[in-house]
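Dropping structure-v8.tsv in here (TSV, C-alpha atoms (C1' of nucleotides)):
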```tsv
chain	number	residue	atom	x	y	z
A	1	MET	CA	-5.35	13.28	-28.92
A	2	ALA	CA	-7.80	15.54	-27.11
A	3	GLU	CA	-6.45	18.73	-25.61
A	4	ASN	CA	-7.87	19.63	-22.27
A	5	HIS	CA	-9.13	23.18	-22.48
A	6	GLU	CA	-10.01	23.51	-18.83
A	7	VAL	CA	-7.02	22.68	-16.71
A	8	GLN	CA	-3.35	21.97	-16.86
A	9	SER	CA	-3.14	18.69	-15.07
A	10	SER	CA	-1.01	15.58	-14.56
A	11	VAL	CA	2.55	15.10	-13.51
A	12	GLU	CA	4.08	17.04	-16.38
A	13	SER	CA	2.45	20.28	-15.36
A	14	ALA	CA	2.70	20.27	-11.60
A	15	ARG	CA	4.53	23.54	-12.27
A	16	ASP	CA	3.35	26.44	-10.22
A	17	ARG	CA	1.78	24.25	-7.63
A	18	PHE	CA	2.92	23.31	-4.18
A	19	LEU	CA	3.99	19.83	-5.20
A	20	ASP	CA	6.35	20.97	-7.91
A	21	GLU	CA	8.98	22.02	-5.41
A	22	TYR	CA	8.15	19.49	-2.74
A	23	LEU	CA	10.98	17.05	-2.16
A	24	PRO	CA	8.89	14.19	-0.73
A	25	TYR	CA	6.69	14.35	-3.80
A	26	TRP	CA	9.61	13.90	-6.17
A	27	LEU	CA	11.20	11.27	-3.99
A	28	SER	CA	8.07	9.17	-4.09
A	29	GLN	CA	7.57	9.77	-7.79
A	30	ALA	CA	11.12	8.72	-8.58
A	31	SER	CA	10.93	5.76	-6.27
A	32	TYR	CA	7.60	4.70	-7.68
A	33	TRP	CA	8.38	4.91	-11.37
A	34	ILE	CA	11.80	3.38	-11.17
A	35	SER	CA	10.57	0.49	-9.10
A	36	ARG	CA	7.61	0.14	-11.39
A	37	GLU	CA	9.83	-0.18	-14.39
A	38	PHE	CA	11.30	-3.27	-12.81
A	39	GLN	CA	7.98	-4.77	-11.82
A	40	CYS	CA	7.40	-6.55	-15.09
A	41	GLU	CA	10.53	-8.62	-14.45
A	42	VAL	CA	9.32	-9.33	-10.94
A	43	ALA	CA	5.89	-10.35	-12.18
A	44	ARG	CA	7.51	-12.56	-14.80
A	45	ALA	CA	9.21	-14.39	-11.93
A	46	GLY	CA	5.79	-14.97	-10.39
A	47	LEU	CA	6.27	-12.59	-7.49
A	48	THR	CA	4.48	-9.52	-6.24
A	49	PHE	CA	6.60	-6.50	-5.58
A	50	ALA	CA	6.25	-6.91	-1.83
A	51	GLU	CA	7.40	-10.50	-2.09
A	52	TRP	CA	10.40	-9.42	-4.14
A	53	ARG	CA	11.31	-6.85	-1.53
A	54	VAL	CA	11.26	-9.40	1.24
A	55	LEU	CA	13.22	-11.99	-0.69
A	56	ALA	CA	15.73	-9.38	-1.85
A	57	SER	CA	16.17	-8.31	1.76
A	58	LEU	CA	17.02	-11.88	2.66
A	59	HIS	CA	19.42	-12.35	-0.24
A	60	GLY	CA	22.90	-12.79	1.11
A	61	SER	CA	21.70	-12.64	4.69
A	62	SER	CA	22.00	-15.42	7.20
A	63	GLY	CA	18.54	-14.52	8.44
A	64	GLU	CA	16.49	-11.55	9.52
A	65	THR	CA	13.97	-11.13	12.26
A	66	ILE	CA	10.47	-9.99	11.48
A	67	GLY	CA	11.28	-6.59	12.92
A	68	ALA	CA	14.38	-6.16	10.78
A	69	LEU	CA	12.46	-7.21	7.70
A	70	CYS	CA	9.82	-4.60	8.47
A	71	ARG	CA	12.48	-1.92	8.22
A	72	LEU	CA	14.17	-3.43	5.19
A	73	ALA	CA	11.00	-3.95	3.21
A	74	LEU	CA	9.07	-1.02	4.66
A	75	MET	CA	6.03	-2.93	5.75
A	76	LYS	CA	4.04	-2.91	8.93
A	77	GLN	CA	4.58	-5.80	11.22
A	78	PRO	CA	1.26	-7.63	10.80
A	79	THR	CA	1.45	-7.19	7.03
A	80	LEU	CA	4.92	-8.64	6.97
A	81	SER	CA	4.12	-11.49	9.33
A	82	LYS	CA	1.35	-12.61	7.04
A	83	LEU	CA	3.37	-12.15	3.87
A	84	VAL	CA	6.19	-14.22	5.35
A	85	GLN	CA	3.71	-16.93	6.22
A	86	ARG	CA	2.54	-16.97	2.61
A	87	LEU	CA	6.14	-17.16	1.38
A	88	GLN	CA	6.77	-19.99	3.79
A	89	ALA	CA	3.75	-21.86	2.43
A	90	GLU	CA	5.42	-21.66	-0.98
A	91	ASP	CA	8.66	-22.84	0.57
A	92	LEU	CA	10.51	-19.69	-0.49
A	93	VAL	CA	11.50	-18.79	3.08
A	94	ALA	CA	11.86	-20.70	6.33
A	95	ARG	CA	11.03	-19.54	9.84
A	96	ARG	CA	12.59	-20.57	13.12
A	97	SER	CA	13.19	-18.84	16.41
A	98	THR	CA	16.47	-17.29	17.42
A	99	LYS	CA	18.64	-18.82	20.09
A	100	GLY	CA	19.03	-15.63	22.03
A	101	ASP	CA	15.54	-14.19	22.26
A	102	ARG	CA	12.80	-16.73	21.89
A	103	ARG	CA	10.20	-14.08	21.06
A	104	GLN	CA	11.94	-13.38	17.79
A	105	THR	CA	11.25	-15.17	14.56
A	106	LEU	CA	14.22	-15.61	12.29
A	107	VAL	CA	13.38	-15.72	8.62
A	108	THR	CA	15.78	-17.19	6.09
A	109	ILE	CA	15.54	-17.64	2.36
A	110	THR	CA	15.38	-21.23	1.14
A	111	ASP	CA	17.23	-22.69	-1.84
A	112	LYS	CA	13.99	-22.52	-3.73
A	113	GLY	CA	13.71	-18.87	-2.80
A	114	GLN	CA	17.28	-18.18	-3.92
A	115	ALA	CA	16.58	-19.90	-7.20
A	116	ARG	CA	13.46	-17.79	-7.64
A	117	ILE	CA	15.24	-14.45	-7.24
A	118	GLY	CA	18.70	-15.34	-8.53
A	119	ALA	CA	18.14	-13.97	-12.01
A	120	LEU	CA	16.14	-11.04	-10.68
A	121	VAL	CA	19.02	-9.78	-8.57
A	122	THR	CA	21.25	-9.69	-11.61
A	123	GLN	CA	18.57	-7.98	-13.65
A	124	ALA	CA	18.00	-5.48	-10.86
A	125	GLN	CA	21.64	-4.49	-10.86
A	126	ALA	CA	21.63	-4.16	-14.63
A	127	HIS	CA	18.49	-2.05	-14.43
A	128	GLN	CA	20.11	0.23	-11.90
A	129	ARG	CA	23.11	0.75	-14.17
A	130	GLU	CA	20.75	1.67	-17.00
A	131	VAL	CA	18.89	4.13	-14.82
A	132	LEU	CA	22.04	5.80	-13.58
A	133	ARG	CA	23.95	5.77	-16.85
A	134	PRO	CA	22.73	9.18	-18.09
A	135	PHE	CA	24.00	10.83	-14.94
A	136	GLY	CA	27.56	9.60	-15.03
A	137	GLU	CA	29.56	7.85	-12.33
A	138	ASP	CA	30.03	10.87	-10.11
A	139	ASN	CA	26.49	12.15	-10.03
A	140	ALA	CA	25.22	8.62	-9.51
A	141	ARG	CA	27.50	8.01	-6.57
A	142	GLU	CA	26.58	11.39	-5.14
A	143	LEU	CA	22.87	10.66	-5.47
A	144	VAL	CA	23.15	7.39	-3.59
A	145	ARG	CA	25.32	9.05	-0.97
A	146	ILE	CA	22.72	11.73	-0.33
A	147	LEU	CA	19.91	9.21	-0.16
A	148	LYS	CA	21.82	7.16	2.37
A	149	GLU	CA	22.45	10.25	4.42
A	150	LEU	CA	18.78	11.18	4.31
A	151	VAL	CA	17.89	7.74	5.60
A	152	ARG	CA	20.53	7.91	8.29
A	153	GLU	CA	19.13	11.26	9.45
A	154	HIS	CA	15.47	10.39	9.23
A	155	GLY	CA	15.18	6.63	9.50
A	156	HIS	CA	13.25	5.72	12.64
A	157	ALA	CA	13.84	9.20	14.07
A	158	GLY	CA	13.42	9.62	17.77
A	159	LEU	CA	12.63	5.98	18.19
A	160	VAL	CA	15.75	4.69	19.84
A	161	GLY	CA	14.77	1.90	22.16
A	162	SER	CA	11.14	1.75	21.10
A	163	ASN	CA	9.51	-0.84	18.97
A	164	LEU	CA	10.81	0.10	15.57
A	165	ALA	CA	8.66	-2.41	13.79
A	166	ASP	CA	5.49	-0.91	15.20
A	167	SER	CA	6.66	2.50	14.13
A	168	LEU	CA	6.11	1.54	10.51
A	169	GLU	CA	2.63	2.93	10.23
B	1	MET	CA	20.08	-3.93	24.89
B	2	ALA	CA	20.66	-7.49	23.73
B	3	GLU	CA	23.37	-8.12	21.18
B	4	ASN	CA	22.44	-10.50	18.44
B	5	HIS	CA	25.15	-13.10	18.18
B	6	GLU	CA	23.77	-14.74	15.10
B	7	VAL	CA	23.30	-12.19	12.39
B	8	GLN	CA	24.02	-8.65	11.42
B	9	SER	CA	20.60	-7.41	10.53
B	10	SER	CA	18.46	-4.32	10.01
B	11	VAL	CA	18.90	-1.27	7.87
B	12	GLU	CA	22.11	-0.12	9.48
B	13	SER	CA	24.02	-3.17	8.38
B	14	ALA	CA	22.78	-3.78	4.89
B	15	ARG	CA	26.50	-3.45	4.08
B	16	ASP	CA	27.89	-6.17	1.93
B	17	ARG	CA	24.52	-7.19	0.66
B	18	PHE	CA	22.85	-6.60	-2.65
B	19	LEU	CA	20.51	-3.92	-1.29
B	20	ASP	CA	23.26	-1.72	0.07
B	21	GLU	CA	24.19	-0.46	-3.37
B	22	TYR	CA	20.74	-0.72	-4.91
B	23	LEU	CA	19.36	2.67	-5.89
B	24	PRO	CA	15.66	1.76	-5.78
B	25	TYR	CA	16.13	0.47	-2.26
B	26	TRP	CA	17.58	3.75	-1.04
B	27	LEU	CA	15.04	5.77	-2.97
B	28	SER	CA	12.19	3.97	-1.28
B	29	GLN	CA	13.88	4.14	2.11
B	30	ALA	CA	14.43	7.87	1.81
B	31	SER	CA	10.96	8.45	0.47
B	32	TYR	CA	9.41	6.33	3.17
B	33	TRP	CA	11.16	7.76	6.18
B	34	ILE	CA	10.92	11.36	5.15
B	35	SER	CA	7.24	11.06	4.40
B	36	ARG	CA	6.75	9.15	7.58
B	37	GLU	CA	8.29	11.92	9.59
B	38	PHE	CA	5.53	14.18	8.35
B	39	GLN	CA	2.77	11.69	8.97
B	40	CYS	CA	2.17	12.71	12.55
B	41	GLU	CA	1.20	16.19	11.34
B	42	VAL	CA	-1.08	14.62	8.76
B	43	ALA	CA	-2.67	12.37	11.35
B	44	ARG	CA	-3.13	15.34	13.65
B	45	ALA	CA	-5.18	16.95	10.88
B	46	GLY	CA	-7.37	13.87	10.85
B	47	LEU	CA	-6.17	12.58	7.49
B	48	THR	CA	-4.54	9.42	6.28
B	49	PHE	CA	-1.43	9.79	4.23
B	50	ALA	CA	-3.23	8.81	1.04
B	51	GLU	CA	-5.88	11.43	1.72
B	52	TRP	CA	-3.19	14.03	2.26
B	53	ARG	CA	-1.58	13.11	-1.03
B	54	VAL	CA	-4.80	13.53	-2.92
B	55	LEU	CA	-5.72	16.81	-1.26
B	56	ALA	CA	-2.18	18.14	-1.71
B	57	SER	CA	-2.40	17.23	-5.39
B	58	LEU	CA	-5.54	19.30	-5.68
B	59	HIS	CA	-4.10	22.25	-3.78
B	60	GLY	CA	-3.80	25.18	-6.15
B	61	SER	CA	-5.35	23.23	-9.00
B	62	SER	CA	-8.56	24.12	-10.75
B	63	GLY	CA	-9.38	20.43	-10.84
B	64	GLU	CA	-7.86	17.11	-11.78
B	65	THR	CA	-9.32	14.09	-13.48
B	66	ILE	CA	-9.22	10.72	-11.78
B	67	GLY	CA	-6.51	9.65	-14.16
B	68	ALA	CA	-4.31	12.65	-13.43
B	69	LEU	CA	-4.80	12.14	-9.71
B	70	CYS	CA	-3.68	8.55	-10.08
B	71	ARG	CA	-0.35	9.75	-11.42
B	72	LEU	CA	-0.02	12.60	-8.93
B	73	ALA	CA	-0.85	10.53	-5.87
B	74	LEU	CA	0.55	7.23	-7.20
B	75	MET	CA	-2.54	5.15	-6.65
B	76	LYS	CA	-4.31	2.67	-8.83
B	77	GLN	CA	-7.47	3.87	-10.41
B	78	PRO	CA	-10.03	1.86	-8.44
B	79	THR	CA	-8.26	2.70	-5.19
B	80	LEU	CA	-8.31	6.36	-6.05
B	81	SER	CA	-11.91	6.36	-7.23
B	82	LYS	CA	-13.00	4.95	-3.91
B	83	LEU	CA	-10.80	7.24	-1.86
B	84	VAL	CA	-12.18	10.24	-3.72
B	85	GLN	CA	-15.68	9.04	-3.00
B	86	ARG	CA	-14.85	8.88	0.69
B	87	LEU	CA	-13.35	12.38	0.57
B	88	GLN	CA	-16.47	13.60	-1.18
B	89	ALA	CA	-18.63	12.09	1.56
B	90	GLU	CA	-16.68	14.25	4.01
B	91	ASP	CA	-17.16	17.23	1.73
B	92	LEU	CA	-13.42	17.71	1.30
B	93	VAL	CA	-13.58	17.38	-2.49
B	94	ALA	CA	-16.28	17.75	-5.12
B	95	ARG	CA	-16.79	15.71	-8.26
B	96	ARG	CA	-18.32	16.75	-11.54
B	97	SER	CA	-17.79	15.76	-15.13
B	98	THR	CA	-15.68	17.73	-17.56
B	99	LYS	CA	-17.22	19.69	-20.37
B	100	GLY	CA	-15.04	18.21	-23.05
B	101	ASP	CA	-15.05	14.52	-22.34
B	102	ARG	CA	-18.01	13.28	-20.42
B	103	ARG	CA	-16.29	10.07	-19.42
B	104	GLN	CA	-13.93	12.03	-17.23
B	105	THR	CA	-14.58	12.94	-13.64
B	106	LEU	CA	-13.15	16.24	-12.54
B	107	VAL	CA	-12.21	16.40	-8.89
B	108	THR	CA	-11.81	19.72	-7.11
B	109	ILE	CA	-10.93	20.57	-3.54
B	110	THR	CA	-13.68	22.25	-1.54
B	111	ASP	CA	-13.29	25.19	0.82
B	112	LYS	CA	-13.57	22.74	3.66
B	113	GLY	CA	-10.81	20.69	2.06
B	114	GLN	CA	-8.60	23.76	1.65
B	115	ALA	CA	-9.18	24.64	5.27
B	116	ARG	CA	-8.24	21.13	6.28
B	117	ILE	CA	-4.87	21.14	4.52
B	118	GLY	CA	-4.01	24.84	4.65
B	119	ALA	CA	-1.77	24.56	7.70
B	120	LEU	CA	-0.36	21.25	6.52
B	121	VAL	CA	0.94	22.74	3.29
B	122	THR	CA	2.87	25.35	5.24
B	123	GLN	CA	4.18	22.74	7.63
B	124	ALA	CA	5.17	20.52	4.71
B	125	GLN	CA	7.25	23.28	3.19
B	126	ALA	CA	8.88	23.98	6.53
B	127	HIS	CA	9.60	20.30	6.96
B	128	GLN	CA	11.23	20.13	3.56
B	129	ARG	CA	13.49	23.05	4.44
B	130	GLU	CA	14.51	21.25	7.63
B	131	VAL	CA	15.25	18.07	5.75
B	132	LEU	CA	17.35	19.82	3.13
B	133	ARG	CA	19.12	22.26	5.42
B	134	PRO	CA	22.11	20.00	6.19
B	135	PHE	CA	22.85	19.67	2.49
B	136	GLY	CA	23.00	23.33	1.59
B	137	GLU	CA	21.21	25.21	-1.17
B	138	ASP	CA	23.21	23.80	-4.05
B	139	ASN	CA	23.10	20.14	-3.16
B	140	ALA	CA	19.42	20.45	-2.36
B	141	ARG	CA	18.61	22.00	-5.69
B	142	GLU	CA	20.74	19.40	-7.42
B	143	LEU	CA	18.97	16.57	-5.64
B	144	VAL	CA	15.55	17.78	-6.69
B	145	ARG	CA	16.79	18.35	-10.21
B	146	ILE	CA	18.04	14.78	-10.49
B	147	LEU	CA	14.83	13.37	-9.05
B	148	LYS	CA	12.79	15.34	-11.57
B	149	GLU	CA	14.96	14.07	-14.36
B	150	LEU	CA	14.59	10.50	-13.18
B	151	VAL	CA	10.83	10.92	-13.23
B	152	ARG	CA	10.92	12.51	-16.63
B	153	GLU	CA	12.95	9.58	-17.96
B	154	HIS	CA	11.03	6.82	-16.26
B	155	GLY	CA	7.56	8.12	-15.53
B	156	HIS	CA	5.01	6.08	-17.47
B	157	ALA	CA	7.72	4.71	-19.72
B	158	GLY	CA	6.66	3.36	-23.04
B	159	LEU	CA	3.06	4.17	-22.36
B	160	VAL	CA	2.42	7.01	-24.73
B	161	GLY	CA	-1.15	6.84	-25.83
B	162	SER	CA	-2.14	4.02	-23.54
B	163	ASN	CA	-4.20	4.24	-20.41
B	164	LEU	CA	-1.76	5.74	-18.00
B	165	ALA	CA	-4.07	5.37	-15.06
B	166	ASP	CA	-4.32	1.62	-15.54
B	167	SER	CA	-0.57	1.43	-15.77
B	168	LEU	CA	-0.30	2.22	-12.07
B	169	GLU	CA	-0.19	-1.34	-10.86
C	1	DC	C1'	-24.65	8.13	-39.07
C	2	DA	C1'	-23.92	3.23	-37.74
C	3	DT	C1'	-20.07	0.43	-36.32
C	4	DG	C1'	-15.92	-1.09	-34.13
C	5	DG	C1'	-12.13	-0.25	-31.34
C	6	DG	C1'	-10.25	2.30	-27.70
C	7	DT	C1'	-10.42	5.33	-23.32
C	8	DA	C1'	-12.11	6.99	-18.50
C	9	DT	C1'	-14.20	5.78	-14.57
C	10	DA	C1'	-17.12	2.80	-11.53
C	11	DT	C1'	-18.00	-1.32	-9.09
C	12	DG	C1'	-18.47	-6.22	-7.08
C	13	DA	C1'	-15.97	-9.97	-5.19
C	14	DA	C1'	-11.65	-11.59	-3.54
C	15	DA	C1'	-7.27	-10.65	-1.48
C	16	DT	C1'	-4.60	-7.97	1.36
C	17	DT	C1'	-3.63	-4.57	4.86
C	18	DT	C1'	-4.56	-2.38	9.08
C	19	DC	C1'	-5.86	-1.73	13.83
C	20	DA	C1'	-6.35	-3.49	18.14
C	21	DT	C1'	-5.18	-6.79	20.96
C	22	DA	C1'	-3.44	-11.37	22.56
C	23	DT	C1'	0.45	-14.20	23.61
C	24	DA	C1'	4.94	-15.36	24.88
C	25	DC	C1'	8.93	-13.85	26.24
C	26	DT	C1'	12.93	-10.66	28.37
C	27	DA	C1'	14.79	-7.58	31.79
C	28	DG	C1'	15.21	-4.83	35.76
C	29	DC	C1'	13.86	-4.50	40.53
C	30	DC	C1'	12.62	-5.81	45.27
D	1	DG	C1'	12.48	-16.11	42.73
D	2	DG	C1'	8.29	-13.32	41.88
D	3	DC	C1'	6.62	-8.76	39.91
D	4	DT	C1'	6.18	-5.14	36.80
D	5	DA	C1'	7.09	-3.00	32.64
D	6	DG	C1'	8.40	-3.45	28.15
D	7	DT	C1'	9.45	-6.01	23.56
D	8	DA	C1'	8.61	-9.33	19.45
D	9	DT	C1'	5.44	-11.54	16.91
D	10	DA	C1'	0.78	-13.48	15.88
D	11	DT	C1'	-3.96	-13.07	14.93
D	12	DG	C1'	-9.11	-11.82	14.38
D	13	DA	C1'	-12.23	-8.43	12.69
D	14	DA	C1'	-12.76	-4.36	10.05
D	15	DA	C1'	-11.19	-1.41	6.42
D	16	DT	C1'	-8.96	-0.90	2.27
D	17	DT	C1'	-6.92	-2.35	-2.03
D	18	DT	C1'	-6.81	-5.08	-6.04
D	19	DC	C1'	-8.37	-7.58	-10.02
D	20	DA	C1'	-11.57	-8.24	-13.36
D	21	DT	C1'	-15.05	-6.45	-15.58
D	22	DA	C1'	-19.04	-3.34	-16.57
D	23	DT	C1'	-20.61	1.01	-18.22
D	24	DA	C1'	-20.56	5.19	-20.68
D	25	DC	C1'	-18.39	7.72	-23.76
D	26	DC	C1'	-15.06	9.34	-27.75
D	27	DC	C1'	-13.29	8.87	-32.36
D	28	DA	C1'	-12.12	7.18	-36.90
D	29	DT	C1'	-13.91	4.97	-40.75
D	30	DG	C1'	-16.93	3.13	-44.22
```
Now, as a test, write the supplied structure out as structure tokens.
Amino acid sequence: MAENHEVQSSVESARDRFLDEYLPYWLSQASYWISREFQCEVARAGLTFAEWRVLASLHGSSGETIGALCRLALMKQPTLSKLVQRLQAEDLVARRSTKGDRRQTLVTITDKGQARIGALVTQAQAHQREVLRPFGEDNARELVRILKELVREHGHAGLVGSNLADSLE
Amino acid sequence: MAENHEVQSSVESARDRFLDEYLPYWLSQASYWISREFQCEVARAGLTFAEWRVLASLHGSSGETIGALCRLALMKQPTLSKLVQRLQAEDLVARRSTKGDRRQTLVTITDKGQARIGALVTQAQAHQREVLRPFGEDNARELVRILKELVREHGHAGLVGSNLADSLE
DNA sequence: CATGGGTATATGAAATTTCATATACTAGCC
DNA sequence: GGCTAGTATATGAAATTTCATATACCCATG
């Protein structure tokens, strides 16, 4: 294994640099690697990660609008619209319009979609338990609590009443 | 504001559904919204978020290989290679090959690049302090500690000796 | 020191994402 | 009711990302 004599690089040695104490950096690293660890299961189910996110967002829901799905799955509106259309072509979700506001599109998961992610949801929960195990019940609960609070404070900040979906840039 | 009589949707009411207690969901939400909050500053500096990530990764570094940058900025190798080429065209980074291993490309930030992100780095640190303020010193430190540990446990898991860059799928 | 297997990055073609904008609709106002 | 402003989603063209693979190089081994 070749030693690099010129620089200290890579994630392990971000020490001493700006990033090493930068919260958003570590949040995205943690989010990325933990999600990534689960991606092989998702791929095995024949789904991309984005597709999994959308289907997981619809799991146990009686339907979500495109806008709500944008916030749940963290995608921009045109991206999500097209992804949903692809999922519909595979008959994993269905689209109809809401009774109340006819501009809205209500997306629901189909039986075929449920079947596709059923096992994944269970595996996801098991994976989470594995990930959190080393920290113990209390720390784990505290971590999730803080994350939720961060989202509550910073989710769609200053956007009350505006088009939240479009704010996902 | 129209009430939706059909479903309880959107982030606020993920209650009672799988996602509401799913750590990776909250990690990505927190990561997304907090980063997003900073994106207007990044845009004001004339950079995309991906460009900011790469330049921030190079800040204070004597140079990073493409592979190391992939892990720092969480991008797949071809994506990063092309982004770096675009940054080079703008003279924000320079590319040369390493002495040791001539396959490697060493990327460094130029003076122009430093100038471009100088203010941003300061703003980023200020932003982080704002974000963490409500939690207090101790909780904040604990949060970062846990995130670092998660990354240490799960970053490029089971990939020792393999091509880490390619593992960023 | 030639050979074979593995690593680091580059690149073309295909797929996806993004931006800008169009379309269809709701809501408040006169 | 018709108008104006604003919201929700769709869509085309352009930009980017991804996959698959090519290229150049390193290293161990015979």
Sorted by chain and rising residue number, list the residues of chain D at most 9 Å from region 8-20 of chain C (counting all atoms listed in the file), each with its closest atom pair and distance in Å to one decimal, as CSV.
```
residue,atom,partner,partner_atom,distance
D:DA14,C1',C:DC19,C1',8.3
D:DA15,C1',C:DT18,C1',7.2
D:DT16,C1',C:DT17,C1',7.0
D:DT17,C1',C:DT16,C1',7.0
D:DT18,C1',C:DA15,C1',7.2
D:DC19,C1',C:DA14,C1',8.3
D:DT21,C1',C:DT11,C1',8.8
D:DA22,C1',C:DT11,C1',7.8
D:DT23,C1',C:DA10,C1',7.8
D:DA24,C1',C:DT9,C1',8.8
D:DC25,C1',C:DA8,C1',8.2
```
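You will find CA of Glu142 (chain B) at 25.1 Å from CA of Phe38 (chain A).
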(request) Record the distance separating CA of Leu143 (chain A) and CA of Leu72 (chain A), expressed in Å with one decimal. (result)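 Those two atoms sit 19.7 Å apart.
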Within 7 Å of chain D, which residues of chain B show up? Give each one with its shortest atom-to-atom distance in Å (one decimal) and the two atoms involved, counting only C-alpha atoms (C1' of nucleotides), rows by chain then rising residue number, as a tab-separated table.
```
residue	atom	partner	partner_atom	distance
B:Thr79	CA	D:DT17	C1'	6.1
B:Arg102	CA	D:DC25	C1'	6.5
B:Arg103	CA	D:DC25	C1'	5.4
```
(request) Considering only C-alpha atoms, extract the chain A residues located within 7 Å of chain B and return them as JSON, numbers by chain. (result) {"A": [7, 9, 10, 11, 17, 19, 23, 24, 26, 27, 28, 29, 30, 31, 33, 34, 35, 57, 60, 62, 63, 64, 68, 71, 72, 128, 144, 147, 148, 150, 151, 154, 155]}
With C-alpha atoms retained, could you export that selection as a short mmCIF file (atom, residue, chain, number, x, y, z; two decimals), keeping the file's coordinate frame?
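Output file out37.cif follows:
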```
data_model
loop_
_atom_site.label_atom_id
_atom_site.label_comp_id
_atom_site.auth_asym_id
_atom_site.auth_seq_id
_atom_site.Cartn_x
_atom_site.Cartn_y
_atom_site.Cartn_z
CA VAL A 7 -7.02 22.68 -16.71
CA SER A 9 -3.14 18.69 -15.07
CA SER A 10 -1.01 15.58 -14.56
CA VAL A 11 2.55 15.10 -13.51
CA ARG A 17 1.78 24.25 -7.63
CA LEU A 19 3.99 19.83 -5.20
CA LEU A 23 10.98 17.05 -2.16
CA PRO A 24 8.89 14.19 -0.73
CA TRP A 26 9.61 13.90 -6.17
CA LEU A 27 11.20 11.27 -3.99
CA SER A 28 8.07 9.17 -4.09
CA GLN A 29 7.57 9.77 -7.79
CA ALA A 30 11.12 8.72 -8.58
CA SER A 31 10.93 5.76 -6.27
CA TRP A 33 8.38 4.91 -11.37
CA ILE A 34 11.80 3.38 -11.17
CA SER A 35 10.57 0.49 -9.10
CA SER A 57 16.17 -8.31 1.76
CA GLY A 60 22.90 -12.79 1.11
CA SER A 62 22.00 -15.42 7.20
CA GLY A 63 18.54 -14.52 8.44
CA GLU A 64 16.49 -11.55 9.52
CA ALA A 68 14.38 -6.16 10.78
CA ARG A 71 12.48 -1.92 8.22
CA LEU A 72 14.17 -3.43 5.19
CA GLN A 128 20.11 0.23 -11.90
CA VAL A 144 23.15 7.39 -3.59
CA LEU A 147 19.91 9.21 -0.16
CA LYS A 148 21.82 7.16 2.37
CA LEU A 150 18.78 11.18 4.31
CA VAL A 151 17.89 7.74 5.60
CA HIS A 154 15.47 10.39 9.23
CA GLY A 155 15.18 6.63 9.50
#
```
(request) Measure the distance from CA of Leu92 (chain B) to CA of Trp52 (chain B) in Å and round it to one decimal. (result) 10.9 Å
